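Colleague: File follows, run02.txt with compact mmCIF, C-alpha atoms and all ligand atoms:
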```
# COMPACT_ATOMS: atom_id res chain seq x y z
CA MET A 6 -50.10 95.54 -73.84
CA SER A 7 -48.29 92.28 -74.33
CA THR A 8 -50.49 89.23 -74.62
CA HIS A 9 -48.10 86.98 -72.75
CA SER A 10 -46.79 88.71 -69.71
CA GLU A 11 -43.78 86.90 -68.36
CA MET A 12 -43.66 86.81 -64.59
CA THR A 13 -40.11 88.14 -64.39
CA VAL A 14 -41.10 90.27 -61.44
CA GLY A 15 -39.74 90.46 -57.92
CA ALA A 16 -41.07 88.63 -54.88
CA PRO A 17 -43.35 91.46 -53.62
CA SER A 18 -44.96 91.68 -57.05
CA LYS A 19 -45.43 87.92 -57.14
CA GLN A 20 -47.16 88.06 -53.77
CA LEU A 21 -49.30 90.91 -55.04
CA ALA A 22 -50.16 89.04 -58.22
CA ARG A 23 -51.02 85.95 -56.18
CA GLU A 24 -53.37 87.89 -53.89
CA VAL A 25 -55.23 89.38 -56.84
CA LEU A 26 -55.31 86.03 -58.65
CA ILE A 27 -56.92 84.31 -55.65
CA HIS A 28 -59.06 87.10 -54.21
CA GLY A 29 -59.75 89.37 -57.18
CA PRO A 30 -61.68 91.38 -57.97
CA ILE A 31 -60.38 93.06 -54.84
CA SER A 32 -60.41 96.69 -53.75
CA ARG A 33 -57.12 98.54 -53.54
CA ALA A 34 -57.81 99.25 -49.87
CA GLU A 35 -58.30 95.55 -49.07
CA LEU A 36 -55.25 94.61 -51.12
CA GLY A 37 -53.15 97.16 -49.23
CA ARG A 38 -54.44 95.78 -45.91
CA ARG A 39 -53.66 92.18 -46.88
CA LEU A 40 -50.11 92.97 -47.98
CA GLY A 41 -49.36 95.70 -45.43
CA LEU A 42 -48.65 98.22 -48.20
CA SER A 43 -49.28 101.95 -48.27
CA PRO A 44 -51.41 103.29 -51.15
CA ALA A 45 -48.26 104.76 -52.72
CA SER A 46 -46.35 101.45 -52.55
CA LEU A 47 -49.36 99.61 -53.90
CA THR A 48 -49.60 101.96 -56.86
CA ARG A 49 -45.87 101.57 -57.55
CA LEU A 50 -46.04 97.77 -57.38
CA THR A 51 -49.23 97.34 -59.40
CA ARG A 52 -48.18 99.61 -62.27
CA PRO A 53 -45.86 97.10 -64.02
CA LEU A 54 -48.52 94.41 -63.67
CA PHE A 55 -51.07 96.68 -65.36
CA ASP A 56 -48.48 97.58 -68.02
CA ALA A 57 -47.79 93.87 -68.63
CA GLY A 58 -51.48 93.26 -69.21
CA LEU A 59 -51.80 90.94 -66.23
CA PHE A 60 -53.95 93.28 -64.10
CA MET A 61 -57.06 95.18 -65.11
CA ASP A 62 -59.62 97.45 -63.51
CA ALA A 63 -62.71 95.47 -62.62
CA PRO A 64 -66.19 97.07 -62.78
CA GLU A 65 -66.73 99.48 -59.91
CA SER A 66 -67.67 97.99 -56.57
CA GLY A 67 -69.28 101.15 -55.28
CA GLU A 68 -66.41 101.70 -52.87
CA ARG A 69 -65.54 105.38 -52.65
CA VAL A 70 -62.51 107.13 -51.27
CA VAL A 71 -63.39 110.73 -50.35
CA GLY A 72 -66.06 110.85 -53.02
CA ARG A 73 -63.80 109.51 -55.75
CA PRO A 74 -64.89 106.08 -57.05
CA THR A 75 -62.12 103.47 -57.12
CA LYS A 76 -62.19 100.42 -59.31
CA PRO A 77 -61.26 97.05 -57.83
CA VAL A 78 -58.23 95.27 -59.25
CA ASP A 79 -58.50 91.93 -60.99
CA VAL A 80 -56.31 89.72 -63.13
CA ARG A 81 -56.96 89.57 -66.85
CA ILE A 82 -57.72 85.87 -66.85
CA ASP A 83 -56.94 85.47 -70.55
CA ALA A 84 -53.49 87.09 -70.11
CA GLN A 85 -51.92 83.65 -69.76
CA ARG A 86 -52.82 80.17 -70.89
CA TYR A 87 -52.11 76.84 -69.20
CA ILE A 88 -52.52 73.16 -69.93
CA GLY A 89 -53.26 70.58 -67.25
CA ILE A 90 -52.86 66.84 -67.80
CA LYS A 91 -53.86 63.97 -65.55
CA LEU A 92 -51.89 60.80 -66.32
CA THR A 93 -53.61 57.51 -65.55
CA GLY A 94 -52.66 53.94 -66.37
CA VAL A 95 -54.70 53.98 -69.58
CA GLU A 96 -54.79 57.55 -70.86
CA LEU A 97 -53.86 61.20 -70.55
CA PHE A 98 -56.77 63.54 -69.88
CA GLY A 99 -55.96 67.18 -70.65
CA VAL A 100 -57.55 70.61 -70.39
CA GLY A 101 -56.60 74.04 -71.69
CA THR A 102 -57.31 76.77 -69.15
CA ASP A 103 -57.13 80.46 -68.39
CA LEU A 104 -55.21 82.06 -65.53
CA ARG A 105 -57.70 80.77 -62.95
CA ALA A 106 -57.49 77.20 -64.24
CA ASN A 107 -60.97 77.37 -65.77
CA PRO A 108 -60.99 74.78 -68.57
CA ASP A 109 -62.37 75.80 -71.97
CA VAL A 110 -61.23 72.76 -73.92
CA ASP A 111 -60.51 69.14 -73.01
CA ASP A 112 -59.31 66.01 -74.78
CA VAL A 113 -58.10 62.47 -74.14
CA GLU A 114 -55.08 60.62 -75.52
CA PRO A 115 -54.90 56.86 -74.94
CA LEU A 116 -51.61 55.31 -73.81
CA ALA A 117 -50.02 52.72 -76.07
CA GLY A 118 -47.88 51.53 -73.16
CA HIS A 119 -46.36 52.54 -69.86
CA SER A 120 -42.80 53.43 -70.89
CA PRO A 121 -41.83 57.06 -70.14
CA GLU A 122 -41.14 57.55 -73.87
CA GLN A 123 -44.66 56.41 -74.76
CA VAL A 124 -46.15 58.72 -72.16
CA VAL A 125 -44.12 61.70 -73.44
CA ALA A 126 -45.12 61.00 -77.05
CA ALA A 127 -48.79 60.74 -76.05
CA ALA A 128 -48.52 63.99 -74.05
CA ALA A 129 -47.05 65.79 -77.07
CA ARG A 130 -49.95 64.64 -79.25
CA LEU A 131 -52.48 65.73 -76.62
CA VAL A 132 -50.86 69.14 -76.10
CA GLY A 133 -50.83 69.61 -79.88
CA ARG A 134 -54.58 68.98 -80.05
CA LEU A 135 -55.25 71.29 -77.08
CA GLY A 136 -53.80 74.18 -79.06
CA GLY A 137 -50.07 73.47 -78.99
CA PRO A 138 -47.43 74.64 -76.52
CA ILE A 139 -46.84 78.01 -78.24
CA GLY A 140 -48.42 80.74 -76.15
CA VAL A 141 -48.81 78.40 -73.18
CA SER A 142 -47.10 79.66 -70.01
CA ALA A 143 -46.68 76.22 -68.48
CA VAL A 144 -47.98 72.65 -68.57
CA GLY A 145 -48.95 70.87 -65.35
CA VAL A 146 -48.92 67.08 -65.20
CA THR A 147 -50.21 65.00 -62.30
CA VAL A 148 -49.90 61.33 -61.39
CA GLY A 149 -51.35 59.16 -58.67
CA GLY A 150 -47.95 58.62 -57.09
CA LYS A 151 -45.08 60.19 -55.23
CA VAL A 152 -43.39 63.17 -56.89
CA THR A 153 -40.39 65.23 -55.76
CA ASP A 154 -39.41 68.82 -56.55
CA ALA A 155 -42.17 69.11 -59.18
CA ARG A 156 -39.74 67.25 -61.49
CA ARG A 157 -39.44 63.54 -60.79
CA VAL A 158 -41.89 60.66 -60.36
CA VAL A 159 -40.37 58.75 -57.43
CA ARG A 160 -43.01 56.06 -57.34
CA ALA A 161 -46.10 55.43 -59.47
CA PRO A 162 -47.22 51.82 -58.98
CA PHE A 163 -49.96 52.04 -61.62
CA LEU A 164 -47.27 52.70 -64.25
CA GLY A 165 -44.59 50.49 -62.70
CA TRP A 166 -42.34 53.57 -62.43
CA HIS A 167 -39.53 54.40 -60.02
CA ASP A 168 -37.43 57.58 -60.35
CA VAL A 169 -38.51 58.86 -63.76
CA ASP A 170 -37.43 62.44 -64.61
CA LEU A 171 -40.68 63.08 -66.40
CA ALA A 172 -40.66 66.89 -66.23
CA ASP A 173 -37.23 67.07 -67.95
CA MET A 174 -38.35 64.67 -70.67
CA LEU A 175 -41.59 66.59 -71.27
CA GLU A 176 -39.85 69.97 -71.37
CA ARG A 177 -37.39 68.72 -73.99
CA GLU A 178 -40.31 67.50 -76.11
CA LEU A 179 -42.73 70.41 -75.57
CA GLY A 180 -40.34 73.35 -75.23
CA VAL A 181 -42.33 74.96 -72.38
CA PRO A 182 -41.99 74.78 -68.58
CA VAL A 183 -43.53 71.62 -67.10
CA VAL A 184 -44.61 71.21 -63.48
CA LEU A 185 -45.16 67.75 -62.05
CA GLU A 186 -47.27 67.01 -58.98
CA ASN A 187 -49.15 64.31 -57.12
CA ASP A 188 -52.74 64.30 -58.35
CA VAL A 189 -54.43 64.74 -54.96
CA VAL A 190 -52.04 67.53 -53.92
CA ALA A 191 -52.82 69.30 -57.20
CA LEU A 192 -56.57 68.84 -56.89
CA THR A 193 -56.40 70.20 -53.33
CA ALA A 194 -54.41 73.21 -54.57
CA ALA A 195 -57.03 73.90 -57.23
CA GLU A 196 -59.83 73.82 -54.63
CA HIS A 197 -57.81 76.18 -52.40
CA TRP A 198 -56.95 78.83 -55.00
CA PHE A 199 -59.78 78.59 -57.50
CA GLY A 200 -62.37 76.03 -56.41
CA VAL A 201 -65.12 75.43 -53.89
CA ALA A 202 -62.75 76.03 -50.95
CA LYS A 203 -61.34 79.30 -52.31
CA GLY A 204 -60.41 81.50 -49.38
CA VAL A 205 -60.96 78.73 -46.79
CA GLU A 206 -57.90 78.56 -44.49
CA ASN A 207 -58.42 75.09 -43.01
CA PHE A 208 -60.03 72.20 -44.87
CA SER A 209 -59.52 68.64 -45.99
CA VAL A 210 -60.31 67.01 -49.32
CA VAL A 211 -61.62 63.49 -49.87
CA THR A 212 -61.66 62.22 -53.45
CA ILE A 213 -63.64 59.18 -54.55
CA GLY A 214 -62.92 57.48 -57.83
CA ALA A 215 -60.54 54.77 -59.01
CA GLY A 216 -59.14 55.06 -55.48
CA VAL A 217 -59.63 57.30 -52.48
CA GLY A 218 -57.46 60.39 -52.01
CA TYR A 219 -56.94 62.66 -49.03
CA GLY A 220 -55.58 66.21 -49.02
CA LEU A 221 -55.23 68.84 -46.30
CA VAL A 222 -54.83 72.62 -46.12
CA ILE A 223 -53.97 74.10 -42.71
CA HIS A 224 -53.39 77.80 -41.98
CA ASP A 225 -53.92 78.54 -45.67
CA ARG A 226 -51.10 76.19 -46.72
CA PRO A 227 -51.24 72.70 -48.24
CA VAL A 228 -49.82 70.03 -45.94
CA VAL A 229 -47.16 68.20 -47.94
CA THR A 230 -44.74 65.76 -46.28
CA ALA A 231 -42.17 63.17 -47.30
CA ASP A 232 -45.02 60.62 -47.36
CA THR A 233 -47.32 62.66 -49.61
CA GLY A 234 -48.11 60.66 -52.71
CA LEU A 235 -48.00 57.28 -51.01
CA GLY A 236 -51.80 57.32 -50.87
CA LEU A 237 -52.00 56.75 -47.12
CA GLY A 238 -55.52 58.23 -46.92
CA GLY A 239 -56.63 55.57 -49.38
CA HIS A 240 -56.27 52.83 -46.77
CA PHE A 241 -57.75 54.38 -43.66
CA PRO A 242 -59.78 51.81 -41.67
CA LEU A 243 -63.50 52.60 -41.81
CA ASP A 244 -65.52 49.39 -41.35
CA PRO A 245 -64.28 46.28 -39.48
CA THR A 246 -66.89 44.18 -41.30
CA GLY A 247 -66.10 45.52 -44.79
CA PRO A 248 -64.51 43.72 -47.76
CA LEU A 249 -60.75 43.44 -48.32
CA CYS A 250 -58.68 45.80 -50.45
CA GLY A 251 -55.77 44.59 -52.59
CA ASP A 252 -53.38 45.26 -49.70
CA GLY A 253 -55.37 42.99 -47.37
CA HIS A 254 -57.03 45.70 -45.26
CA ARG A 255 -60.55 44.91 -44.18
CA GLY A 256 -62.94 47.79 -44.74
CA CYS A 257 -60.31 50.45 -45.54
CA SER A 258 -61.31 53.59 -47.43
CA SER A 259 -60.45 52.06 -50.82
CA ALA A 260 -62.29 48.80 -50.06
CA MET A 261 -65.39 50.74 -48.96
CA LEU A 262 -65.45 53.64 -51.44
CA ALA A 263 -63.35 53.15 -54.58
CA ILE A 264 -65.47 52.54 -57.68
CA PRO A 265 -63.75 49.27 -58.74
CA HIS A 266 -64.16 47.82 -55.24
CA LEU A 267 -67.84 48.74 -55.00
CA CYS A 268 -68.51 47.18 -58.41
CA ALA A 269 -66.49 44.06 -57.56
CA THR A 270 -68.39 43.58 -54.30
CA ALA A 271 -71.69 43.97 -56.14
CA ARG A 272 -70.59 41.56 -58.86
CA ALA A 273 -69.65 38.92 -56.30
CA ALA A 274 -73.03 39.25 -54.57
CA LEU A 275 -75.23 39.49 -57.67
CA GLY A 276 -73.26 37.00 -59.78
CA ARG A 277 -73.02 39.32 -62.79
CA PRO A 278 -71.07 42.42 -63.84
CA VAL A 279 -72.55 45.63 -62.36
CA GLY A 280 -71.57 49.15 -63.41
CA TYR A 281 -71.26 52.02 -60.93
CA GLU A 282 -74.29 53.97 -62.14
CA GLU A 283 -76.34 50.77 -62.23
CA LEU A 284 -75.33 49.93 -58.67
CA LEU A 285 -76.40 53.38 -57.46
CA GLY A 286 -79.70 53.02 -59.34
CA LEU A 287 -80.28 49.63 -57.71
CA PHE A 288 -79.73 51.27 -54.31
CA ASP A 289 -82.40 53.87 -55.09
CA ALA A 290 -84.74 51.09 -56.25
CA GLY A 291 -84.31 49.27 -52.95
CA ASP A 292 -82.38 46.26 -54.23
CA PRO A 293 -81.25 44.53 -51.00
CA VAL A 294 -77.68 43.85 -52.20
CA ALA A 295 -77.19 47.42 -53.41
CA VAL A 296 -78.78 48.81 -50.25
CA GLU A 297 -76.22 46.89 -48.21
CA ILE A 298 -73.17 47.82 -50.34
CA VAL A 299 -73.99 51.46 -51.09
CA GLY A 300 -75.40 52.03 -47.61
CA ALA A 301 -72.15 50.80 -46.09
CA ALA A 302 -70.20 53.06 -48.50
CA LEU A 303 -72.21 56.13 -47.48
CA ARG A 304 -71.68 55.36 -43.77
CA ALA A 305 -67.97 54.81 -44.43
CA LEU A 306 -67.70 58.16 -46.21
CA GLY A 307 -69.38 59.85 -43.25
CA ARG A 308 -66.94 58.14 -40.90
CA MET A 309 -63.98 59.34 -43.02
CA ILE A 310 -65.28 62.91 -43.04
CA ALA A 311 -65.83 62.86 -39.28
CA ALA A 312 -62.38 61.33 -38.67
CA SER A 313 -60.81 64.08 -40.75
CA ALA A 314 -62.71 66.78 -38.85
CA ASN A 315 -61.97 65.20 -35.47
CA LEU A 316 -58.27 64.51 -36.00
CA SER A 317 -57.19 67.29 -38.36
CA MET A 318 -59.49 69.76 -36.54
CA VAL A 319 -60.95 71.19 -39.72
CA ASP A 320 -64.63 72.07 -40.00
CA THR A 321 -64.76 72.05 -43.80
CA VAL A 322 -64.39 68.97 -45.98
CA VAL A 323 -64.37 69.08 -49.79
CA LEU A 324 -65.63 66.05 -51.70
CA SER A 325 -64.43 65.59 -55.27
CA GLY A 326 -63.58 62.98 -57.87
CA GLU A 327 -65.31 60.98 -60.58
CA GLY A 328 -67.11 58.78 -58.05
CA LEU A 329 -69.10 61.60 -56.47
CA ALA A 330 -72.34 60.28 -57.96
CA LEU A 331 -72.29 58.12 -54.82
CA ILE A 332 -73.78 60.99 -52.84
CA ASP A 333 -76.25 62.36 -55.41
CA GLY A 334 -79.51 62.58 -53.48
CA ARG A 335 -77.89 60.62 -50.63
CA LEU A 336 -75.87 63.30 -48.85
CA HIS A 337 -78.24 63.17 -45.86
CA LEU A 338 -77.12 59.59 -45.22
CA VAL A 339 -73.47 60.71 -45.23
CA GLN A 340 -74.29 63.61 -42.89
CA ALA A 341 -76.09 61.27 -40.48
CA ALA A 342 -72.94 59.13 -40.32
CA VAL A 343 -70.79 62.23 -39.73
CA LEU A 344 -73.01 63.25 -36.80
CA ALA A 345 -72.79 59.77 -35.29
CA ASP A 346 -68.99 60.11 -35.05
CA ARG A 347 -68.90 63.74 -33.93
CA ASP A 348 -69.32 65.29 -30.49
CA GLY A 349 -72.71 66.96 -30.23
CA ASP A 350 -71.09 70.21 -29.09
CA ALA A 351 -68.50 70.27 -31.88
CA SER A 352 -68.82 72.69 -34.80
CA PRO A 353 -70.97 71.38 -37.62
CA VAL A 354 -68.88 69.94 -40.45
CA ARG A 355 -69.40 71.88 -43.66
CA ILE A 356 -69.28 69.61 -46.70
CA LEU A 357 -68.41 71.33 -50.00
CA LEU A 358 -68.98 69.49 -53.27
CA ASP A 359 -66.87 69.80 -56.41
CA ASP A 360 -69.10 68.05 -58.92
CA SER A 361 -66.82 68.56 -61.93
CA GLY A 362 -66.09 64.81 -62.02
CA PHE A 363 -62.94 63.53 -63.68
CA GLY A 364 -62.20 67.01 -65.05
CA ALA A 365 -61.29 68.11 -61.50
CA TRP A 366 -58.03 66.14 -61.82
CA ALA A 367 -56.84 67.91 -64.98
CA ARG A 368 -57.91 71.26 -63.57
CA GLY A 369 -55.71 70.47 -60.57
CA ALA A 370 -52.79 69.87 -62.93
CA ALA A 371 -53.37 73.26 -64.57
CA ALA A 372 -53.64 74.91 -61.14
CA VAL A 373 -50.18 73.77 -60.03
CA ALA A 374 -48.75 75.12 -63.30
CA VAL A 375 -50.40 78.48 -62.50
CA GLN A 376 -49.10 78.36 -58.93
CA ALA A 377 -45.56 77.68 -60.12
CA SER A 378 -45.76 80.78 -62.32
CA PHE A 379 -46.82 82.83 -59.31
CA GLY A 380 -44.08 81.62 -57.01
ZN ZN B 401 -56.54 49.14 -48.06
```
Starting from the file, lay out its structure as structure tokens.
Modeller:
Amino acid sequence: MSTHSEMTVGAPSKQLAREVLIHGPISRAELGRRLGLSPASLTRLTRPLFDAGLFMDAPESGERVVGRPTKPVDVRIDAQRYIGIKLTGVELFGVGTDLRANPDVDDVEPLAGHSPEQVVAAAARLVGRLGGPIGVSAVGVTVGGKVTDARRVVRAPFLGWHDVDLADMLERELGVPVVLENDVVALTAAEHWFGVAKGVENFSVVTIGAGVGYGLVIHDRPVVTADTGLGLGGHFPLDPTGPLCGDGHRGCSSAMLAIPHLCATARAALGRPVGYEELLGLFDAGDPVAVEIVGAALRALGRMIAASANLSMVDTVVLSGEGLALIDGRLHLVQAAVLADRDGDASPVRILLDDSGFGAWARGAAAVAVQASFG
């Protein structure tokens, strides 16, 4: 068995590997049904993946074929290793993961500046501390901006970048394949393949943190357009009486929900600096300013979830991001706001929570590196 199976396999095998990666452990019968393969074809296609050490027999499921027990197929999640890095304006946050983008190590490298060379040097230091590129199948890097072809940052306002061939630069430095992606697209991909929305065919994602992100999966595929990465979901109008965002929108999703905006609104009202956790604690304690600000944020989040369900026609919405403490113990207030904007006969909106905080971003970066390896 080789420890690092290269995915130099044909398209049917890649599809097979992808099915087992997402749905494993999975019975051979179910796998055959999903791929439309006869038992003989399935055996022929799976053999090289077993030989390469990528597949393994999972513990028996109890399924029996004419009295003979069959073992479900699963991927050997330690067969390949990945690194995921989220690039922000101040630091790189990285994780080392297995084949299902489960992080087992994380680290942070501060940025000395915003030049591409400084970012590449910082990434090399971070990758070195996460175990080095040797033995890593691919490195995924995500940015809050517009990315094309998994190679180039077209626009990243928080870095002042236009048209930076970051993947090429990183590959020259690291010597391993690098996949670049928009951070919300990557986080959505991670939820779809490995996260709380695994196996869900239609859902949206709302992230709350430094900004507000919006992602969408329809018919089991991520919705990615020419405008993906512009952050359009971050400025969706939610409250005509809300504060202004930096783009001059009154009560848009960023103005109502992004951590810096909530803290700035609280600071203006209370006349002193207020941290996010403190603001949420003040809400729970009944402070009238916090009740107003956080209450409006919770209603705005409910409105955004309902708008997504009503317009995108999904009945599942994933909430993620480092600002998710907003809803701790307060989800009922969000749900009440969803109901207020939803037809009484419409399907209930299922809200799924990814409470992994900021780590969800780096996991997303690792997930797109895994996906690239699996075609
Ligand atoms: Zn705005």
Colleague: Could I get the residue neighbourhood of ligand ZN 401 (chain B) at 8 Å, counting all atoms listed in the file, as number ranges by chain?
Modeller: A: 239-242, 249-260
Colleague: Taking all atoms listed in the file into account, name the residue in A:Glu196, A:Glu35, A:Glu206, A:Glu122 that is nearest to Asp360 in chain A.
Modeller: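 Going through A:Glu196, A:Glu35, A:Glu206, A:Glu122 one by one, the smallest distance to Asp360 in chain A is for A:Glu196.
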Colleague: Using all atoms listed in the file, pick whichever of A:Asp83, A:Ala57, A:Thr93, A:Asp154 has the shortest atom-to-atom distance to Glu186 in chain A.
Modeller: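 Once distances to Glu186 in chain A are computed over all atoms listed in the file, the minimum belongs to A:Asp154.
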Colleague: At a cut-off of 12 Å, using all atoms listed in the file, what residues contact Ala117 in chain A? Leave out same-chain residues fewer than 3 positions from it and give the result as a list of chain:residue names.
Modeller: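 The contact residues come out as A:Gly94, A:Val95, A:Glu96, A:Leu97, A:Glu114, A:Ser120, A:Pro121, A:Glu122, A:Gln123, A:Val124, A:Val125, A:Ala126, A:Ala127, A:Ala128.
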Colleague: Write out as a PDB file with C-alpha atoms, keeping the file's coordinate frame which residues come within 7 Å of Leu358 in chain A when counting only C-alpha atoms, dropping same-chain ones fewer than 5 positions away.
Modeller:
```pdb
ATOM      1  CA  VAL A 323     -64.370  69.080 -49.790  1.00  0.00           C
ATOM      2  CA  LEU A 324     -65.630  66.050 -51.700  1.00  0.00           C
ATOM      3  CA  SER A 325     -64.430  65.590 -55.270  1.00  0.00           C
TER       4      SER A 325
END
```
Colleague: Using all atoms listed in the file, which of the listed residues (A:Glu297, A:Asp188, A:Asp320, A:Asp244) sits closest to Ile223 in chain A?
Modeller: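 Closest to Ile223 in chain A of all the choices is A:Asp320.
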Colleague: Give me the residues near range 279-292 of chain A as a ChimeraX atom specification, where near means some atom within 12 Å (using only C-alpha atoms) and where sequence neighbours in that chain fewer than 4 positions away do not count.
Modeller: /A:214-215,262-275,296-303,327-335
Colleague: Generate a file of the selected residues that holds C-alpha atoms, formatted as a short mmCIF file (atom, residue, chain, number, x, y, z; two decimals), keeping the file's coordinate frame.
Modeller:
```cif
data_model
loop_
_atom_site.label_atom_id
_atom_site.label_comp_id
_atom_site.auth_asym_id
_atom_site.auth_seq_id
_atom_site.Cartn_x
_atom_site.Cartn_y
_atom_site.Cartn_z
CA GLY A 214 -62.92 57.48 -57.83
CA ALA A 215 -60.54 54.77 -59.01
CA LEU A 262 -65.45 53.64 -51.44
CA ALA A 263 -63.35 53.15 -54.58
CA ILE A 264 -65.47 52.54 -57.68
CA PRO A 265 -63.75 49.27 -58.74
CA HIS A 266 -64.16 47.82 -55.24
CA LEU A 267 -67.84 48.74 -55.00
CA CYS A 268 -68.51 47.18 -58.41
CA ALA A 269 -66.49 44.06 -57.56
CA THR A 270 -68.39 43.58 -54.30
CA ALA A 271 -71.69 43.97 -56.14
CA ARG A 272 -70.59 41.56 -58.86
CA ALA A 273 -69.65 38.92 -56.30
CA ALA A 274 -73.03 39.25 -54.57
CA LEU A 275 -75.23 39.49 -57.67
CA VAL A 296 -78.78 48.81 -50.25
CA GLU A 297 -76.22 46.89 -48.21
CA ILE A 298 -73.17 47.82 -50.34
CA VAL A 299 -73.99 51.46 -51.09
CA GLY A 300 -75.40 52.03 -47.61
CA ALA A 301 -72.15 50.80 -46.09
CA ALA A 302 -70.20 53.06 -48.50
CA LEU A 303 -72.21 56.13 -47.48
CA GLU A 327 -65.31 60.98 -60.58
CA GLY A 328 -67.11 58.78 -58.05
CA LEU A 329 -69.10 61.60 -56.47
CA ALA A 330 -72.34 60.28 -57.96
CA LEU A 331 -72.29 58.12 -54.82
CA ILE A 332 -73.78 60.99 -52.84
CA ASP A 333 -76.25 62.36 -55.41
CA GLY A 334 -79.51 62.58 -53.48
CA ARG A 335 -77.89 60.62 -50.63
#
```
Colleague: Could you check how far CA of Ser142 in chain A sits from CA of Ala374 in chain A, in Å to one decimal?
Modeller: 8.3 Å
